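Structure data follow from upload-v6.cif (mmCIF, C-alpha atoms):
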data_structure
loop_
_atom_site.label_atom_id
_atom_site.label_comp_id
_atom_site.auth_asym_id
_atom_site.auth_seq_id
_atom_site.Cartn_x
_atom_site.Cartn_y
_atom_site.Cartn_z
CA MET B 1 -22.85 21.70 12.43
CA THR B 2 -23.27 19.09 9.69
CA GLU B 3 -21.98 15.56 10.14
CA ARG B 4 -19.92 14.21 7.22
CA LYS B 5 -21.87 11.50 5.43
CA PRO B 6 -19.65 8.43 4.86
CA ASP B 7 -19.24 7.32 1.24
CA LEU B 8 -20.75 3.84 1.20
CA GLU B 9 -18.60 2.61 -1.68
CA GLU B 10 -15.39 3.74 0.03
CA GLU B 11 -16.52 2.16 3.29
CA LEU B 12 -17.27 -1.06 1.40
CA ARG B 13 -13.78 -1.13 -0.10
CA ARG B 14 -12.36 -0.67 3.36
CA ALA B 15 -14.56 -3.32 4.95
CA LEU B 16 -13.84 -5.80 2.16
CA ARG B 17 -10.08 -5.45 1.94
CA PRO B 18 -8.59 -8.91 1.39
CA GLN B 19 -7.69 -10.98 4.43
CA ASP B 20 -4.58 -13.09 4.73
CA PRO B 21 -5.25 -16.83 4.92
CA GLY B 22 -2.46 -17.35 7.43
CA THR B 23 1.27 -17.91 7.41
CA ASP B 24 1.08 -21.62 6.58
CA PHE B 25 -1.11 -21.21 3.50
CA THR B 26 1.64 -20.98 0.85
CA ALA B 27 3.59 -23.80 2.48
CA ALA B 28 0.49 -26.03 2.50
CA VAL B 29 -0.13 -25.35 -1.20
CA MET B 30 3.51 -26.04 -2.06
CA ARG B 31 3.48 -29.32 -0.10
CA GLU B 32 0.57 -30.49 -2.28
CA VAL B 33 2.23 -29.17 -5.43
CA THR B 34 5.43 -31.15 -4.82
CA ARG B 35 3.35 -34.24 -3.98
CA THR B 36 1.48 -34.13 -7.29
CA PRO B 37 3.77 -32.92 -10.07
CA ARG B 38 2.26 -31.30 -13.12
CA PRO B 39 1.80 -33.60 -16.14
CA PRO B 40 4.41 -32.49 -18.71
CA SER B 41 2.21 -33.17 -21.74
CA VAL B 42 -0.27 -30.48 -20.75
CA GLY B 43 2.49 -27.88 -20.55
CA SER B 44 4.21 -28.85 -23.78
CA PHE B 45 0.96 -29.06 -25.73
CA SER B 46 -0.16 -25.74 -24.39
CA ALA B 47 3.23 -24.20 -24.96
CA ALA B 48 2.92 -25.23 -28.60
CA SER B 49 -0.59 -23.83 -28.87
CA ARG B 50 0.54 -20.66 -27.12
CA ALA B 51 3.46 -20.35 -29.53
CA ILE B 52 1.08 -20.72 -32.46
CA ARG B 53 -0.98 -17.83 -31.09
CA SER B 54 2.13 -15.61 -30.87
CA PRO B 55 1.90 -12.78 -33.48
CA SER B 56 5.62 -12.90 -34.35
CA LEU B 57 5.47 -16.64 -34.94
CA ARG B 58 2.35 -16.22 -37.04
CA MET B 59 4.14 -13.62 -39.17
CA SER B 60 7.15 -15.92 -39.60
CA ALA B 61 4.87 -18.82 -40.52
CA ALA B 62 3.06 -16.64 -43.06
CA LEU B 63 6.38 -15.55 -44.62
CA ALA B 64 7.60 -19.15 -44.74
CA ALA B 65 4.34 -20.26 -46.33
CA SER B 66 4.61 -17.44 -48.94
CA PHE B 67 8.20 -18.44 -49.74
CA ILE B 68 7.26 -22.11 -50.13
CA ALA B 69 4.33 -21.15 -52.35
CA ALA B 70 6.58 -18.93 -54.52
CA VAL B 71 9.18 -21.70 -54.91
CA GLY B 72 6.37 -24.10 -55.76
CA VAL B 73 5.02 -21.81 -58.48
CA VAL B 74 8.48 -21.36 -60.04
CA ARG B 75 9.12 -25.10 -59.98
CA TRP B 76 5.73 -25.88 -61.44
CA ASP B 77 6.30 -23.34 -64.18
CA ARG B 78 9.70 -24.89 -64.92
CA TYR B 79 8.16 -28.35 -64.88
CA VAL B 80 5.45 -27.28 -67.32
CA HIS B 81 8.02 -25.49 -69.48
CA GLU B 82 10.27 -28.56 -69.49
CA GLY B 83 7.22 -30.61 -70.40
CA PHE B 84 6.61 -28.42 -73.44
CA GLU B 85 10.25 -28.74 -74.49
CA ALA B 86 10.11 -32.52 -74.13
CA ARG B 87 6.91 -32.62 -76.16
CA GLU B 88 8.52 -30.51 -78.87
CA GLN B 89 11.58 -32.79 -78.91
CA ALA B 90 9.36 -35.89 -79.11
CA LEU B 91 7.40 -34.39 -82.01
CA GLU B 92 10.64 -33.46 -83.75
CA ALA B 93 11.90 -37.03 -83.27
CA LEU B 94 8.65 -38.38 -84.70
CA ARG B 95 8.92 -36.01 -87.65
CA VAL B 96 12.51 -37.16 -88.35
CA ALA B 97 11.52 -40.80 -87.95
CA SER B 98 8.57 -40.29 -90.27
CA GLN B 99 10.78 -38.65 -92.90
CA ASN B 100 13.24 -41.55 -92.67
CA LEU B 101 10.41 -44.02 -93.03
CA ASN B 102 9.18 -42.13 -96.12
CA VAL B 103 12.65 -42.31 -97.63
CA VAL B 104 12.88 -46.05 -96.92
CA HIS B 105 9.36 -46.58 -98.24
CA ARG B 106 10.21 -44.70 -101.40
CA VAL B 107 13.43 -46.71 -101.91
CA VAL B 108 11.54 -49.97 -101.41
CA GLN B 109 8.85 -48.97 -103.90
CA GLU B 110 11.41 -47.91 -106.50
CA SER B 111 13.38 -51.15 -106.09
CA GLU B 112 10.12 -53.17 -106.57
CA LYS B 113 9.42 -51.28 -109.82
CA ILE B 114 12.85 -52.25 -111.12
CA MET M 1 -12.02 -15.03 -23.42
CA TYR M 2 -11.02 -12.67 -20.64
CA PRO M 3 -11.06 -8.85 -20.51
CA GLY M 4 -8.01 -7.40 -22.18
CA GLN M 5 -7.16 -10.59 -24.06
CA THR M 6 -7.11 -8.72 -27.37
CA GLY M 7 -5.20 -5.87 -25.82
CA THR M 8 -7.98 -3.37 -26.43
CA MET M 9 -9.48 -2.95 -22.97
CA GLU M 10 -6.53 -2.13 -20.78
CA ALA M 11 -4.59 1.07 -20.45
CA PRO M 12 -0.78 0.76 -20.71
CA ALA M 13 -0.39 1.76 -17.05
CA ALA M 14 -2.75 -0.99 -15.95
CA GLU M 15 -0.89 -3.48 -18.10
CA SER M 16 2.47 -2.51 -16.59
CA ALA M 17 1.09 -3.43 -13.15
CA PHE M 18 1.23 -7.07 -14.28
CA GLU M 19 4.81 -6.91 -15.60
CA PRO M 20 6.66 -8.10 -12.47
CA GLU M 21 4.42 -11.14 -12.40
CA GLU M 22 5.08 -12.14 -16.00
CA ALA M 23 8.60 -13.35 -15.20
CA ASN M 24 7.34 -15.48 -12.31
CA LEU M 25 4.63 -16.92 -14.51
CA VAL M 26 7.12 -17.89 -17.23
CA ARG M 27 9.44 -19.48 -14.67
CA ALA M 28 6.55 -21.30 -12.97
CA ARG M 29 5.42 -22.67 -16.35
CA ASP M 30 8.94 -24.05 -16.80
CA GLY M 31 8.64 -25.93 -13.52
CA ASP M 32 10.22 -23.45 -11.07
CA THR M 33 8.40 -24.12 -7.79
CA GLN M 34 9.81 -21.00 -6.12
CA ALA M 35 8.27 -18.87 -8.84
CA PHE M 36 4.97 -20.68 -8.39
CA ALA M 37 5.15 -20.03 -4.63
CA MET M 38 5.58 -16.31 -5.43
CA LEU M 39 2.44 -16.42 -7.55
CA VAL M 40 0.56 -18.08 -4.68
CA ARG M 41 1.78 -15.42 -2.24
CA THR M 42 0.71 -12.63 -4.60
CA HIS M 43 -2.84 -13.89 -5.03
CA GLN M 44 -3.63 -15.85 -1.86
CA ARG M 45 -5.28 -12.95 -0.04
CA SER M 46 -7.74 -12.27 -2.86
CA VAL M 47 -8.51 -15.92 -3.56
CA PHE M 48 -8.93 -16.83 0.10
CA SER M 49 -11.04 -13.74 0.89
CA LEU M 50 -13.39 -14.43 -2.02
CA ALA M 51 -13.79 -18.03 -0.86
CA LEU M 52 -14.28 -16.99 2.77
CA ARG M 53 -16.86 -14.31 2.05
CA LEU M 54 -18.80 -16.52 -0.32
CA LEU M 55 -18.69 -19.77 1.68
CA ARG M 56 -18.55 -18.17 5.17
CA VAL M 57 -16.77 -21.21 6.64
CA PRO M 58 -13.05 -20.58 7.27
CA GLU M 59 -11.88 -24.22 7.03
CA GLU M 60 -13.83 -24.87 3.84
CA SER M 61 -12.56 -21.59 2.38
CA GLN M 62 -8.94 -22.53 3.13
CA GLU M 63 -9.45 -25.88 1.47
CA LEU M 64 -11.14 -24.36 -1.59
CA ALA M 65 -8.46 -21.67 -1.97
CA GLN M 66 -5.70 -24.29 -1.78
CA ASP M 67 -7.52 -26.45 -4.30
CA VAL M 68 -7.83 -23.51 -6.70
CA PHE M 69 -4.05 -23.03 -6.56
CA LEU M 70 -3.48 -26.74 -7.19
CA GLN M 71 -5.84 -26.51 -10.16
CA LEU M 72 -3.80 -23.53 -11.34
CA HIS M 73 -0.60 -25.57 -11.06
CA ARG M 74 -2.08 -28.31 -13.22
CA ASN M 75 -3.24 -25.76 -15.80
CA LEU M 76 -0.25 -23.40 -15.81
CA GLY M 77 0.40 -24.14 -19.46
CA ARG M 78 -2.95 -22.64 -20.41
CA ILE M 79 -2.34 -19.34 -18.62
CA GLU M 80 -1.29 -16.86 -21.29
CA SER M 81 -0.27 -13.84 -19.20
CA ALA M 82 -0.27 -12.33 -15.72
CA ARG M 83 -3.51 -10.54 -16.58
CA HIS M 84 -5.03 -13.87 -17.61
CA LEU M 85 -3.80 -15.40 -14.35
CA HIS M 86 -5.47 -12.59 -12.38
CA PHE M 87 -8.75 -13.18 -14.21
CA TRP M 88 -8.51 -17.00 -14.11
CA LEU M 89 -7.99 -17.21 -10.33
CA ARG M 90 -10.88 -14.90 -9.48
CA ARG M 91 -13.21 -16.55 -11.94
CA THR M 92 -12.30 -20.07 -10.78
CA VAL M 93 -12.69 -19.38 -7.07
CA SER M 94 -15.99 -17.50 -7.63
CA HIS M 95 -17.49 -20.25 -9.79
CA ARG M 96 -16.36 -23.03 -7.50
CA ALA M 97 -17.64 -21.27 -4.38
CA ILE M 98 -21.01 -20.54 -6.04
CA ASP M 99 -21.21 -24.20 -7.17
CA ARG M 100 -20.64 -25.32 -3.58
CA LEU M 101 -23.32 -22.96 -2.35
CA ARG M 102 -25.74 -24.35 -4.92
CA ARG M 103 -24.93 -27.90 -3.82
CA ARG M 104 -25.80 -27.06 -0.26
CA ALA M 105 -29.48 -27.87 0.05
CA ARG M 106 -30.08 -24.66 1.90
CA GLU M 107 -27.38 -22.27 2.90
CA PRO M 108 -27.35 -22.09 6.70
CA PHE M 109 -27.93 -18.64 8.06
CA ASP M 110 -24.94 -17.81 10.20
CA ALA M 111 -25.30 -15.90 13.39
CA VAL M 112 -23.26 -12.71 13.64
CA GLU M 113 -20.75 -14.41 15.94
CA SER M 114 -20.00 -17.21 13.46
CA VAL M 115 -19.03 -14.88 10.61
CA PRO M 116 -15.24 -14.49 10.65
CA GLU M 117 -13.90 -11.34 12.24
CA ILE M 118 -12.22 -8.81 9.98
CA GLU M 119 -8.92 -7.06 10.54
CA MET M 120 -9.29 -3.42 11.59
CA PRO M 121 -5.94 -1.73 11.05
CA HIS M 122 -7.29 1.62 9.76
CA VAL M 123 -7.27 4.47 12.24
CA ASP M 124 -9.70 6.66 10.28
CA ALA M 125 -12.24 3.90 9.73
CA ASP M 126 -15.45 3.59 11.70
CA PRO M 127 -15.14 0.04 13.09
CA ILE M 128 -18.85 -0.33 13.79
CA LEU M 129 -19.81 0.77 10.31
CA GLU M 130 -17.18 -1.55 8.80
CA ARG M 131 -18.40 -4.51 10.81
CA ASN M 132 -22.01 -3.78 9.89
CA LEU M 133 -21.13 -3.48 6.23
CA TYR M 134 -19.09 -6.68 6.24
CA GLN M 135 -21.88 -8.52 8.00
CA SER M 136 -24.46 -7.19 5.55
CA VAL M 137 -22.35 -8.15 2.52
CA VAL M 138 -21.80 -11.74 3.62
CA GLU M 139 -25.54 -12.11 4.16
CA LEU M 140 -26.41 -11.09 0.59
CA PRO M 141 -27.67 -13.86 -1.75
CA PRO M 142 -24.71 -15.75 -3.30
CA MET M 143 -24.68 -14.19 -6.79
CA ALA M 144 -25.24 -10.64 -5.51
CA ARG M 145 -22.51 -11.27 -2.93
CA ALA M 146 -20.10 -12.44 -5.61
CA VAL M 147 -20.82 -9.31 -7.68
CA VAL M 148 -20.31 -6.98 -4.70
CA LEU M 149 -17.09 -8.76 -3.66
CA LEU M 150 -15.62 -8.60 -7.15
CA ARG M 151 -16.58 -4.92 -7.39
CA TYR M 152 -15.40 -3.68 -3.99
CA GLN M 153 -12.87 -6.27 -2.84
CA GLU M 154 -11.23 -6.85 -6.21
CA ASP M 155 -12.00 -3.43 -7.74
CA LEU M 156 -13.22 -4.92 -11.02
CA ASP M 157 -15.55 -2.95 -13.26
CA PRO M 158 -19.02 -4.28 -14.14
CA THR M 159 -17.90 -5.42 -17.61
CA GLU M 160 -15.12 -7.55 -16.14
CA ILE M 161 -17.49 -8.97 -13.52
CA ALA M 162 -20.03 -9.86 -16.23
CA THR M 163 -17.35 -11.74 -18.19
CA MET M 164 -16.04 -13.47 -15.08
CA LEU M 165 -19.41 -14.65 -13.78
CA GLU M 166 -20.87 -15.20 -17.27
CA LEU M 167 -23.75 -12.84 -16.56
CA PRO M 168 -25.34 -10.13 -18.75
CA ILE M 169 -23.89 -6.71 -17.94
CA ASN M 170 -27.35 -5.40 -17.01
CA THR M 171 -27.74 -8.19 -14.45
CA VAL M 172 -24.43 -7.21 -12.87
CA LYS M 173 -25.46 -3.54 -12.76
CA SER M 174 -28.81 -4.51 -11.29
CA HIS M 175 -27.15 -6.65 -8.58
CA LEU M 176 -24.87 -3.75 -7.69
CA LYS M 177 -27.66 -1.19 -7.56
CA ARG M 178 -29.97 -3.36 -5.45
CA SER M 179 -27.18 -4.52 -3.15
CA LEU M 180 -25.97 -0.97 -2.50
CA ALA M 181 -29.51 0.14 -1.71
CA LEU M 182 -29.96 -2.80 0.66
CA LEU M 183 -26.57 -2.25 2.33
CA ARG M 184 -27.30 1.44 2.79
CA TRP M 185 -30.65 0.62 4.34
CA ARG M 186 -29.27 -2.10 6.62
CA CYS M 187 -26.39 0.01 7.85
CA ARG M 188 -28.71 2.88 8.62
CA ALA M 189 -31.05 0.52 10.47
CA LEU M 190 -28.19 -1.04 12.44
CA GLN M 191 -26.72 2.33 13.36
CA ASP M 192 -30.12 3.64 14.42
CA GLY M 193 -30.62 0.50 16.49
CA GLU M 194 -27.27 0.94 18.24
CA SER M 195 -27.70 4.61 19.08
CA PRO M 196 -28.99 5.22 22.64
#
What do you get writing this file as structure tokens?
Amino acid sequence: MTERKPDLEEELRRALRPQDPGTDFTAAVMREVTRTPRPPSVGSFSAASRAIRSPSLRMSAALAASFIAAVGVVRWDRYVHEGFEAREQALEALRVASQNLNVVHRVVQESEKI
Amino acid sequence: MYPGQTGTMEAPAAESAFEPEEANLVRARDGDTQAFAMLVRTHQRSVFSLALRLLRVPEESQELAQDVFLQLHRNLGRIESARHLHFWLRRTVSHRAIDRLRRRAREPFDAVESVPEIEMPHVDADPILERNLYQSVVELPPMARAVVLLRYQEDLDPTEIATMLELPINTVKSHLKRSLALLRWRCRALQDGESP
């Protein structure tokens, strides 16, 4: 007859099953917890950092950033375009002014000849 | 970094085991003390047993375990998930117990009688073998003891233990292999010594 050899690892698991610390343990922890409340700043800061790590929030932030960038590009383009128009108008105004000055200059010269 | 943080190491079934705890964690983070008490109740056996088997002094182990839960309460905002909580508690109690052991100039060698008794509710179990094994485990050197406890008390795999104790995986495997050989040898010697 062969004796069954005990599996050491199974025996270890059995011998090392967790022990209860006693009925008063949770109550003792909770007494200390209520005596020293948690600083709120730690939680709120960490909640913010945790929120930043959230994939859905990251996606939303990326979309928002893309939208802001797109609006920025359109506005910049419009600004540049408006700048060109203004420059054209200024040049046109200068051209008109220059023509008027030429006319006046010519009139003055002709009147001096007379 | 803790195992499973990126969601690549855990199977869905293992992850679902943490689901009931997630709600308590969220409520505890929002200041619900009842929810925090539930978290303490869920983990107190593991945390206390790790402390007890590493420090081998019941009063000091109680005090350390309570302190670990108070530390958890102060740092609840940093706990990302129930899985993280599981990892954080075991890592914190292991590191703090090992630190205390290091601070002791020389760890006193306890006599068999001074090592806390273990509960023996299993009918099939061999009580003498269990007691011998328990005794042999708590007499292992501190780091080897921590590795064996995390492996066989907490059922963690060597990769998780390596991350938790900040050890190379080969060191963890080596501790396990040597400790098992030693435990096997000691148990055999004790059983032979007890037989008429």
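Using all atoms listed in the file, one finds that the residues of chain M close to chain B, at 7 Å or less, are M:Ala37, M:Val40, M:Arg41, M:Arg45, M:Ser46, M:Phe48, M:Ser49, M:Gln66, M:Leu70, M:His73, M:Arg74, M:Gly77, M:Arg78, M:Glu130, M:Leu133, M:Tyr134, M:Tyr152, M:Gln153.
For the residues M:Leu190, M:Ala97, M:Ala144, M:Leu85, ranking by smallest atom-to-atom distance to Leu54 of chain M using all atoms listed in the file places M:Ala97 first.
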(message) Need the shell around Asn24 of chain M: protein/DNA/RNA residues with any atom at most 10 Å away, counting only C-alpha atoms. Skip same-chain ones fewer than 2 positions apart. Format as a VMD selection string?
(response) chain M and resid 19 to 22 26 to 30 32 to 39 82
(message) Taking 4 positions as the minimum chain separation for residues in the same chain, which residues sit within 12 Å of segment 89-93 of chain M when counting only C-alpha atoms? Answer as a PyMOL selection string.
(response) chain M and resi 1-3+39-40+42-55+61-73+75-76+79+82-85+97-100+146-147+149-151+153-156+160-166
(message) As an exercise, work out the distance from atom CA of Val71 of chain B to atom CA of Arg58 of chain B in Å and give it to one decimal place.
(response)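 Separation between atom CA of Val71 of chain B and atom CA of Arg58 of chain B: 19.9 Å.
Distance-wise, atom CA of His95 of chain M and atom CA of Glu59 of chain M end up 18.2 Å apart.
We find atom CA of Leu183 of chain M and atom CA of Val137 of chain M to be spaced 7.3 Å apart.
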Expected file for segment 21-48 of chain M keeping N, CA and C atoms, as a PDB file, in the first residue's frame:
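This is the output file selection-v2.pdb:
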ATOM      1  N   GLU M  21     -16.010  45.868  -5.301  1.00  0.00           N
ATOM      2  CA  GLU M  21     -15.224  46.763  -4.461  1.00  0.00           C
ATOM      3  C   GLU M  21     -15.105  48.167  -5.049  1.00  0.00           C
ATOM      4  N   GLU M  22     -15.268  48.258  -6.362  1.00  0.00           N
ATOM      5  CA  GLU M  22     -15.101  49.553  -7.024  1.00  0.00           C
ATOM      6  C   GLU M  22     -16.068  50.597  -6.456  1.00  0.00           C
ATOM      7  N   ALA M  23     -17.322  50.168  -6.252  1.00  0.00           N
ATOM      8  CA  ALA M  23     -18.339  51.098  -5.748  1.00  0.00           C
ATOM      9  C   ALA M  23     -17.963  51.598  -4.357  1.00  0.00           C
ATOM     10  N   ASN M  24     -17.499  50.681  -3.503  1.00  0.00           N
ATOM     11  CA  ASN M  24     -17.083  51.077  -2.158  1.00  0.00           C
ATOM     12  C   ASN M  24     -15.904  52.040  -2.211  1.00  0.00           C
ATOM     13  N   LEU M  25     -14.998  51.780  -3.136  1.00  0.00           N
ATOM     14  CA  LEU M  25     -13.822  52.641  -3.263  1.00  0.00           C
ATOM     15  C   LEU M  25     -14.233  54.062  -3.675  1.00  0.00           C
ATOM     16  N   VAL M  26     -15.134  54.142  -4.644  1.00  0.00           N
ATOM     17  CA  VAL M  26     -15.603  55.461  -5.114  1.00  0.00           C
ATOM     18  C   VAL M  26     -16.286  56.210  -3.972  1.00  0.00           C
ATOM     19  N   ARG M  27     -17.139  55.475  -3.238  1.00  0.00           N
ATOM     20  CA  ARG M  27     -17.859  56.121  -2.125  1.00  0.00           C
ATOM     21  C   ARG M  27     -16.882  56.536  -1.017  1.00  0.00           C
ATOM     22  N   ALA M  28     -15.912  55.682  -0.737  1.00  0.00           N
ATOM     23  CA  ALA M  28     -14.927  56.003   0.308  1.00  0.00           C
ATOM     24  C   ALA M  28     -14.111  57.235  -0.088  1.00  0.00           C
ATOM     25  N   ARG M  29     -13.763  57.338  -1.364  1.00  0.00           N
ATOM     26  CA  ARG M  29     -13.027  58.508  -1.850  1.00  0.00           C
ATOM     27  C   ARG M  29     -13.823  59.787  -1.640  1.00  0.00           C
ATOM     28  N   ASP M  30     -15.176  59.644  -1.749  1.00  0.00           N
ATOM     29  CA  ASP M  30     -16.044  60.813  -1.566  1.00  0.00           C
ATOM     30  C   ASP M  30     -16.342  61.095  -0.099  1.00  0.00           C
ATOM     31  N   GLY M  31     -15.691  60.358   0.794  1.00  0.00           N
ATOM     32  CA  GLY M  31     -15.821  60.644   2.221  1.00  0.00           C
ATOM     33  C   GLY M  31     -16.801  59.767   2.968  1.00  0.00           C
ATOM     34  N   ASP M  32     -17.318  58.705   2.343  1.00  0.00           N
ATOM     35  CA  ASP M  32     -18.268  57.807   3.006  1.00  0.00           C
ATOM     36  C   ASP M  32     -17.489  56.851   3.930  1.00  0.00           C
ATOM     37  N   THR M  33     -17.627  57.050   5.237  1.00  0.00           N
ATOM     38  CA  THR M  33     -16.848  56.237   6.180  1.00  0.00           C
ATOM     39  C   THR M  33     -17.342  54.785   6.242  1.00  0.00           C
ATOM     40  N   GLN M  34     -18.635  54.584   5.977  1.00  0.00           N
ATOM     41  CA  GLN M  34     -19.159  53.208   5.966  1.00  0.00           C
ATOM     42  C   GLN M  34     -18.517  52.403   4.830  1.00  0.00           C
ATOM     43  N   ALA M  35     -18.372  53.063   3.706  1.00  0.00           N
ATOM     44  CA  ALA M  35     -17.741  52.401   2.553  1.00  0.00           C
ATOM     45  C   ALA M  35     -16.279  52.097   2.862  1.00  0.00           C
ATOM     46  N   PHE M  36     -15.630  53.024   3.547  1.00  0.00           N
ATOM     47  CA  PHE M  36     -14.225  52.783   3.916  1.00  0.00           C
ATOM     48  C   PHE M  36     -14.135  51.603   4.893  1.00  0.00           C
ATOM     49  N   ALA M  37     -15.087  51.545   5.840  1.00  0.00           N
ATOM     50  CA  ALA M  37     -15.104  50.416   6.790  1.00  0.00           C
ATOM     51  C   ALA M  37     -15.275  49.081   6.053  1.00  0.00           C
ATOM     52  N   MET M  38     -16.061  49.088   4.977  1.00  0.00           N
ATOM     53  CA  MET M  38     -16.233  47.870   4.168  1.00  0.00           C
ATOM     54  C   MET M  38     -14.903  47.462   3.519  1.00  0.00           C
ATOM     55  N   LEU M  39     -14.171  48.468   3.056  1.00  0.00           N
ATOM     56  CA  LEU M  39     -12.863  48.171   2.447  1.00  0.00           C
ATOM     57  C   LEU M  39     -11.924  47.576   3.494  1.00  0.00           C
ATOM     58  N   VAL M  40     -11.966  48.128   4.706  1.00  0.00           N
ATOM     59  CA  VAL M  40     -11.111  47.604   5.792  1.00  0.00           C
ATOM     60  C   VAL M  40     -11.477  46.153   6.062  1.00  0.00           C
ATOM     61  N   ARG M  41     -12.787  45.893   6.182  1.00  0.00           N
ATOM     62  CA  ARG M  41     -13.240  44.525   6.476  1.00  0.00           C
ATOM     63  C   ARG M  41     -12.805  43.548   5.387  1.00  0.00           C
ATOM     64  N   THR M  42     -12.844  44.005   4.150  1.00  0.00           N
ATOM     65  CA  THR M  42     -12.483  43.113   3.028  1.00  0.00           C
ATOM     66  C   THR M  42     -11.008  42.714   3.083  1.00  0.00           C
ATOM     67  N   HIS M  43     -10.163  43.653   3.478  1.00  0.00           N
ATOM     68  CA  HIS M  43      -8.720  43.415   3.358  1.00  0.00           C
ATOM     69  C   HIS M  43      -8.008  43.169   4.686  1.00  0.00           C
ATOM     70  N   GLN M  44      -8.700  43.289   5.805  1.00  0.00           N
ATOM     71  CA  GLN M  44      -7.997  43.242   7.089  1.00  0.00           C
ATOM     72  C   GLN M  44      -7.318  41.901   7.356  1.00  0.00           C
ATOM     73  N   ARG M  45      -7.928  40.813   6.901  1.00  0.00           N
ATOM     74  CA  ARG M  45      -7.321  39.496   7.151  1.00  0.00           C
ATOM     75  C   ARG M  45      -5.970  39.373   6.442  1.00  0.00           C
ATOM     76  N   SER M  46      -5.939  39.778   5.190  1.00  0.00           N
ATOM     77  CA  SER M  46      -4.688  39.682   4.422  1.00  0.00           C
ATOM     78  C   SER M  46      -3.615  40.595   4.997  1.00  0.00           C
ATOM     79  N   VAL M  47      -4.002  41.849   5.259  1.00  0.00           N
ATOM     80  CA  VAL M  47      -3.027  42.833   5.733  1.00  0.00           C
ATOM     81  C   VAL M  47      -2.483  42.429   7.098  1.00  0.00           C
ATOM     82  N   PHE M  48      -3.398  42.042   7.994  1.00  0.00           N
ATOM     83  CA  PHE M  48      -2.965  41.646   9.337  1.00  0.00           C
ATOM     84  C   PHE M  48      -2.097  40.382   9.284  1.00  0.00           C
TER      85      PHE M  48
END
